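Encoded as structure tokens, the structure appears first; notes follow it.
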Amino acid sequence: MEKLRYTPFHERTSALCQPQNWRRWAGYFVVGSYELTIDREYWAIRNAAGLIDVTPLMKYMLKGKDAATLLHRVTTRNIHKMSVGQVYYTGWCDDEGKMIDDGTVARLDETIFRLTSAEPNLRWLMMNAVGLDVEISEVSDSVASLSLQGPNSRVVLNRVCESNLDELKYFRLMNNKLGGVEVTISRTGYTGDLGYEIWMDAKDALYVWDALMEAGEDYGITPVGILALDMARVEAGLFMLDVDYTSSGHAWIESQKSSPFELGLDWTVALDKPGYFVGRKALEKEKREGSAWKMVGIEIDWVGMEELYAEVGMPPQVPGTAIRASMPIMVGGVQVGYASTASWSPLLKKYIALAHLQKPYYELGTNVRMEITVEHQRKHAPAKVVKLPFYEPEWKKR
């Protein structure tokens with residue numbers, strides 16, 4: 001049985017985790033929530049600054065004159081267009097154009113890149129690197145990472161960093177000193193809000209945590225667990241591996257696999273980039289012919305849901321956390337897809353979901369019905385296909 005490990009921040013996070021609510025992430029213990037309810041953590045992301053331990057992300061360093069060539073070959077983005085200090089979000093596919101994983105590529109230098117992913121990808125990288133002048137090493141354990149998300153995140157970092165972050169653009173990174181410690185800061189995150197990710201040597205983890213908590217005290221800085229993050233990422237229309245899609249590497253059957261086009265990642269597929277990349281032919285074919293499925297946003301009609309609960313004499317019941325479960329989506333009496341994550345949005349005051357729908361039902365404005373359980377009875381609440389993201393504040397990219 002796999003032995004779960006602690007992240008370098010565990011000494012701090014475990015002391016603050018009141019309900020001892022732990023989750024498993026890539027072989028690590030991470031905090032599910034720091035309090036018995038997640039309201040304060042969620043609102044820290046949207047109104048102040050939420051501090052999230054994201055160390056369990058898989059992290060790979062690629063060095064050498066062919067590092068860019070390898071990443072260009074295995075991802076769908078045009079890596080040769082990246083400048084030093086830039087970060088790309090991307091997926092990578094198998095030969096059939098189905099997603100293996102997704103993550104970020106950061107260009108740290110002309111010949112040095114850092115790749116993050118949700119699951120182990122070292123073997124796959126090595127297989128594609130045959131004959132190339134590139135050194136690949138996994139640094140998941142030696143590099144600790146924190147995500148600071150929310151409208152106050154920049155002001156908190158400016159209080160404790162040597163170099164000002166006001167000019168750091170969206171999806172760019174910089175080397176900096178935080179409380180005198182060498183760190184890399186990228187303007188990235190998984191909440192759809194203004195936010196940054198801080199990368200550091202694992203030995204400096206506790207010092208950086210303490211410096212941020214002290215600097216953010218007057219700005220509402222709050223440690224945030226995975227449950228509140230889950231709610232925020234659904235509002236941002238961001239999907240999760242093993243929840244909203246299955247890696248083609250461990251799908252049991254063909255229908256479990258998804259392409260970047262099906263996941264709404266059209267903008268990450270650079271079919272105009274020169275040369276071969278894994279999955280190119282299949283993705284060109286799908287681009288020509290259209291996708292059989294698409295992941296879309298679903299907004300459940302509150303009045304319609306209210307009526308279903310009223311039939312049994314109850315007010316509507318909404319979950320206090322995001323639901324990671326498959327919920328059938330119907331049109332007429334026929335199932336046309338399923339929701340993979342559903343959540344109440346405290347900010348939008350709406351019940352929303354990420355859903356996979358068959359053509360032509362994924363078109364915006366399509367009326368559908370989503371299965372909900374009302375007092376142990378399966379009912380279908382009216383819903384509509386809407387544009388993603390559900391929420392994107394104006395300050396996110398400013």
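Each chain of the structure tokens is named A, B, ... in the order shown, its residues numbered from 1; ligands are numbered from 1 in display order.
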Point to revise | Shell of 8 Å around Leu241 in chain A, only C-alpha atoms, local chain residues under 6 positions omitted, as a ChimeraX atom specification | key: /A:101-102,118,247
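With only C-alpha atoms taken into account, the protein and nucleic acid residues at most 6 Å from range 145-158 of chain A (excluding it and anything under 6 positions from it in its own chain) are A:Ile45, A:Arg46, A:Ala48, A:Ala49, A:Gly50, A:Leu51, A:Ile52, A:Asp53, A:Val54, A:Thr55, A:Asn164, A:Asp193, A:Leu194, A:Gly195, A:Tyr196, A:Glu197, A:Ile198, A:Trp199, A:Ala215, A:Gly216.
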Study note, to complete from the structure: Using only C-alpha atoms, the best pick from A:Ala381, A:Ala282, A:Val386, A:Ile352 as closest to Arg233 in chain A would be A:Ile352
Check your understanding: Excluding same-chain residues fewer than 3 positions from range 23-26 of chain A, what lies within 10 Å of it counting only C-alpha atoms, as a PyMOL selection string?
Key -> chain A and resi 4-5+20+29-33+54-58+118-120+225-227
Check your understanding: CA of Ser163 in chain A to CA of Ser186 in chain A: how many Å, to one decimal?
Key ->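 About the pair CA of Ser163 in chain A and CA of Ser186 in chain A: they are 13.3 Å apart.
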Residue set, range 14-100 of chain A restricted to helix (DSSP H, G or I), as a compact mmCIF listing (two decimals) with N, CA and C atoms, in the first residue's frame:
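selection36.txt written:
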# COMPACT_ATOMS: atom_id res chain seq x y z
N SER A 14 -0.98 21.40 9.36
CA SER A 14 -1.60 20.46 10.30
C SER A 14 -2.02 21.14 11.59
N ALA A 15 -1.25 22.15 12.01
CA ALA A 15 -1.59 22.87 13.25
C ALA A 15 -2.84 23.73 13.06
N LEU A 16 -3.10 24.15 11.81
CA LEU A 16 -4.24 25.03 11.53
C LEU A 16 -5.49 24.28 11.11
N ASP A 39 -16.86 28.26 4.09
CA ASP A 39 -17.28 29.61 3.66
C ASP A 39 -16.14 30.63 3.73
N ARG A 40 -15.44 30.66 4.85
CA ARG A 40 -14.40 31.68 5.04
C ARG A 40 -13.24 31.47 4.06
N GLU A 41 -12.93 30.20 3.82
CA GLU A 41 -11.85 29.91 2.88
C GLU A 41 -12.24 30.30 1.45
N TYR A 42 -13.47 29.98 1.07
CA TYR A 42 -13.94 30.35 -0.27
C TYR A 42 -13.91 31.86 -0.46
N TRP A 43 -14.44 32.59 0.52
CA TRP A 43 -14.53 34.06 0.37
C TRP A 43 -13.16 34.72 0.45
N ALA A 44 -12.19 34.04 1.06
CA ALA A 44 -10.81 34.58 1.05
C ALA A 44 -10.29 34.64 -0.39
N ILE A 45 -10.61 33.59 -1.18
CA ILE A 45 -10.18 33.56 -2.58
C ILE A 45 -10.84 34.70 -3.36
N ARG A 46 -12.10 34.94 -3.11
CA ARG A 46 -12.85 35.91 -3.92
C ARG A 46 -12.74 37.35 -3.40
N ASN A 47 -12.48 37.53 -2.10
CA ASN A 47 -12.49 38.90 -1.54
C ASN A 47 -11.15 39.35 -0.96
N ALA A 67 15.51 20.91 -25.33
CA ALA A 67 14.39 20.94 -24.37
C ALA A 67 13.13 21.50 -25.02
N ALA A 68 13.28 22.61 -25.76
CA ALA A 68 12.13 23.22 -26.44
C ALA A 68 11.59 22.28 -27.52
N THR A 69 12.48 21.60 -28.23
CA THR A 69 12.07 20.67 -29.29
C THR A 69 11.21 19.55 -28.71
N LEU A 70 11.62 19.01 -27.55
CA LEU A 70 10.85 17.94 -26.91
C LEU A 70 9.46 18.43 -26.52
N LEU A 71 9.38 19.57 -25.86
CA LEU A 71 8.08 20.09 -25.42
C LEU A 71 7.20 20.48 -26.61
N HIS A 72 7.82 20.94 -27.68
CA HIS A 72 7.10 21.27 -28.92
C HIS A 72 6.49 19.98 -29.51
N ARG A 73 7.23 18.88 -29.37
CA ARG A 73 6.81 17.58 -29.93
C ARG A 73 5.67 16.96 -29.13
N VAL A 74 5.70 17.14 -27.81
CA VAL A 74 4.74 16.40 -26.98
C VAL A 74 3.51 17.22 -26.57
N ILE A 79 5.81 25.78 -28.68
CA ILE A 79 6.79 26.10 -27.62
C ILE A 79 7.88 27.04 -28.13
N HIS A 80 8.18 26.95 -29.42
CA HIS A 80 9.25 27.80 -29.98
C HIS A 80 8.88 29.29 -29.95
N LYS A 81 7.60 29.58 -29.77
CA LYS A 81 7.17 30.99 -29.69
C LYS A 81 7.31 31.55 -28.27
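Ranking A:Glu235, A:Asp210, A:Asp266, A:Glu289 by their shortest atom-to-atom distance to Ser345 in chain A, with only C-alpha atoms included, puts A:Glu235 first.
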Exercise for review: Find the residue from A:Ala211, A:Leu265, A:Ala232, A:Met240 that sits nearest to Leu347 in chain A; use only C-alpha atoms when measuring.
Suggested key: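 Of A:Ala211, A:Leu265, A:Ala232, A:Met240, the one nearest Leu347 in chain A is A:Ala232, counting only C-alpha atoms.
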Point to revise | Neighbour list for Thr321 in chain A as a ChimeraX atom specification, cut-off 9 Å, only C-alpha atoms, skip fewer than 6 positions in-chain | key: /A:38,227-228,230-231,342-344
